[in-house]
Amino acid sequence: MNSPRQTVRDVDEMLRKALADDLPADVAEGMRVRIDRFRAKRTEDGEAAGGATAWPWFFRRTVWAALSILMLIAGILLQGAKSPSPLADRIASIKAAGSGVEQIRR
Amino acid sequence: MNKAGLLYLVFGSVAAALMGFTVPEIAAAFRQAAGRAGTDASRRRSAHFWEAAARNAWILGALGSALNFTIALGSDSGGISGISGRMVQSLVVMLYGLVLAVVCLIPAMKLAEAGTPAGPAAQGTQAAPARRPAGLVASGRVLGYVLFAATVAATILFLMGGQARGGPLPLNKVLLHGPAILVVFGGAVALALFAGRGVGARALTLGFAMTGVIALLMGLIQALFGFAHTNIKEISSAIAFIITAAAFALLGLVAVAAPLEDREIMDGRRDKAGPFSRLFWVVFPLLTFICLVLTFIMVVTPMTKPGG
């Protein structure tokens, strides 16, 4: 049984023999154009992934992070300042009524 | 018996299932719970559906209690005793949620046991998740969200319609305590962003649950300061903060984070729900319940020396 290294060597040898003659000029030219096109596309894709899409994502992420932290701080400050809220006022009136009832009982 | 709460829970659970799963996935989970055979992979997915259904029922129970509680506080009929009675009744929704969760956990455990590699089910039947048409998934989710919104709106309107005329505050004023909403959504988005994209939907679960816990703690501490200063205004503001923060954190968990985690698992992007997500799904509704009980005690406890 052949080892993997031996198998690779055999395949290399077979390819070398099969492609011993030079390719016709038009076929070689066509291959070169295709390879260049493939390389150019890869480069463009890489640039797009690295630059064009990364920056807007980073920008969006930063904006969202800043907005969310601002919201958090605003919420904490508003709560700390006991900003008027209809629900809180309602609870206050219920508590005040309950306290009044308790004082009358006493 | 709280009929509105029961209906809210049933329809809410159906909507939450549609938000995270497709109709064929739900049908397969029901078939396999009824004893139909399936591959190991499909059994595991069905087990996850039932676990998610139990989770949804538990979280929806807590959310229903918080909403009901808020509406009870906003009502004006029956005086302090009437309001107290309605506040206690609102906690019954949580009990319904727990019962439904236990019912859903039974098929989840049964299928999970049969779906483990060492189980009696056929071995070597690992299959990739079935490819679903994108349109089918999207339409199912839209239907789920519409049904969920309709269920919550109908429940609130029904509960508010039962109050004395002129008593309740307007809907938006009862449910929207601005600072709590800012803290919950700001904190959840910030935590999710800092967790990064690789964490996926688990970041949102962490965000909503952790922000909810922090908000509950903040509110409790503020309320205790209010008692120490005998300041009714401070206590009331803290109570409003606790209830609204709990309601919106639960809403974020059940309507945003949990369906996204379900989709990740059903699409094969994750093997199972994260351990922290599971912990938060169980613990946060329980904390909400404890805080609602404490809130009830704070509301009905009279203060003999009102300050402020």
# chains A, B, ... in the order shown; residues from 1 in each chain; ligands from 1
call {"tool": "interface_residues", "arguments": {"of": "chain A", "to": "chain B", "cutoff": "8 Å", "atoms": "only C-alpha atoms", "output": "ChimeraX atom specification"}}
result
/A:61,64-65,67-76,78-79,82,85-92,94-99,102-103
call {"tool": "write_last_selection", "arguments": {"atoms": "N, CA and C atoms", "output": "short mmCIF file (atom, residue, chain, number, x, y, z; two decimals), in the first residue's frame"}}
result
data_model
loop_
_atom_site.label_atom_id
_atom_site.label_comp_id
_atom_site.auth_asym_id
_atom_site.auth_seq_id
_atom_site.Cartn_x
_atom_site.Cartn_y
_atom_site.Cartn_z
N ARG A 61 -21.63 50.28 15.19
CA ARG A 61 -21.43 49.68 16.52
C ARG A 61 -21.10 50.76 17.55
N TRP A 64 -24.19 52.87 18.21
CA TRP A 64 -25.14 52.14 19.06
C TRP A 64 -24.63 52.06 20.50
N ALA A 65 -23.34 51.82 20.64
CA ALA A 65 -22.77 51.72 21.99
C ALA A 65 -22.93 53.05 22.72
N LEU A 67 -25.08 55.46 22.07
CA LEU A 67 -26.51 55.72 22.32
C LEU A 67 -27.02 54.92 23.52
N SER A 68 -26.63 53.64 23.55
CA SER A 68 -27.14 52.78 24.62
C SER A 68 -26.61 53.24 25.98
N ILE A 69 -25.34 53.65 26.01
CA ILE A 69 -24.78 54.11 27.30
C ILE A 69 -25.44 55.42 27.71
N LEU A 70 -25.71 56.29 26.73
CA LEU A 70 -26.41 57.54 27.03
C LEU A 70 -27.80 57.26 27.61
N MET A 71 -28.50 56.30 26.98
CA MET A 71 -29.84 55.92 27.47
C MET A 71 -29.75 55.42 28.91
N LEU A 72 -28.76 54.57 29.15
CA LEU A 72 -28.59 53.99 30.49
C LEU A 72 -28.34 55.09 31.52
N ILE A 73 -27.42 56.00 31.19
CA ILE A 73 -27.08 57.07 32.14
C ILE A 73 -28.29 57.99 32.35
N ALA A 74 -28.99 58.31 31.24
CA ALA A 74 -30.17 59.18 31.35
C ALA A 74 -31.22 58.54 32.25
N GLY A 75 -31.43 57.23 32.08
CA GLY A 75 -32.41 56.52 32.90
C GLY A 75 -32.05 56.56 34.37
N ILE A 76 -30.77 56.31 34.66
CA ILE A 76 -30.32 56.30 36.07
C ILE A 76 -30.46 57.71 36.66
N LEU A 78 -32.45 60.22 35.67
CA LEU A 78 -33.87 60.58 35.81
C LEU A 78 -34.49 59.91 37.02
N GLN A 79 -34.14 58.62 37.21
CA GLN A 79 -34.68 57.90 38.35
C GLN A 79 -34.14 58.48 39.66
N LYS A 82 -35.83 61.48 40.75
CA LYS A 82 -37.26 61.23 41.03
C LYS A 82 -38.15 62.06 40.08
N SER A 85 -43.70 60.86 37.42
CA SER A 85 -44.25 59.78 36.62
C SER A 85 -45.68 59.55 37.09
N PRO A 86 -46.62 59.42 36.16
CA PRO A 86 -48.02 59.21 36.58
C PRO A 86 -48.18 57.97 37.43
N LEU A 87 -47.42 56.93 37.10
CA LEU A 87 -47.54 55.68 37.88
C LEU A 87 -47.03 55.91 39.31
N ALA A 88 -45.88 56.60 39.41
CA ALA A 88 -45.32 56.87 40.74
C ALA A 88 -46.28 57.76 41.55
N ASP A 89 -46.89 58.75 40.86
CA ASP A 89 -47.85 59.63 41.55
C ASP A 89 -49.04 58.83 42.06
N ARG A 90 -49.47 57.88 41.21
CA ARG A 90 -50.62 57.04 41.58
C ARG A 90 -50.28 56.20 42.81
N ILE A 91 -49.09 55.60 42.79
CA ILE A 91 -48.66 54.77 43.93
C ILE A 91 -48.56 55.64 45.18
N ALA A 92 -48.04 56.87 45.00
CA ALA A 92 -47.92 57.78 46.15
C ALA A 92 -49.29 58.07 46.74
N ILE A 94 -51.96 56.16 46.54
CA ILE A 94 -52.47 54.95 47.21
C ILE A 94 -51.81 54.82 48.59
N LYS A 95 -50.51 55.04 48.64
CA LYS A 95 -49.79 54.92 49.92
C LYS A 95 -50.27 55.98 50.91
N ALA A 96 -50.49 57.18 50.38
CA ALA A 96 -50.95 58.26 51.27
C ALA A 96 -52.34 57.93 51.81
N ALA A 97 -53.19 57.36 50.92
CA ALA A 97 -54.55 56.99 51.35
C ALA A 97 -54.46 55.89 52.41
N GLY A 98 -53.58 54.91 52.17
CA GLY A 98 -53.40 53.82 53.14
C GLY A 98 -52.91 54.35 54.47
N SER A 99 -51.98 55.31 54.43
CA SER A 99 -51.46 55.89 55.66
C SER A 99 -52.53 56.66 56.40
N GLU A 102 -54.82 54.30 58.17
CA GLU A 102 -54.14 53.76 59.35
C GLU A 102 -54.17 54.77 60.51
N GLN A 103 -53.96 56.05 60.16
CA GLN A 103 -53.95 57.09 61.21
C GLN A 103 -55.33 57.27 61.81
#
call {"tool": "atom_distance", "arguments": {"atom1": "CA of Arg31 in chain B", "atom2": "CA of Ala138 in chain B"}}
result
23.3 Å
call {"tool": "closest_residue", "arguments": {"among": "B:Leu260, B:Leu220, B:Ile214, B:Val10", "to": "Ala57 in chain B", "atoms": "only C-alpha atoms"}}
result
B:Val10
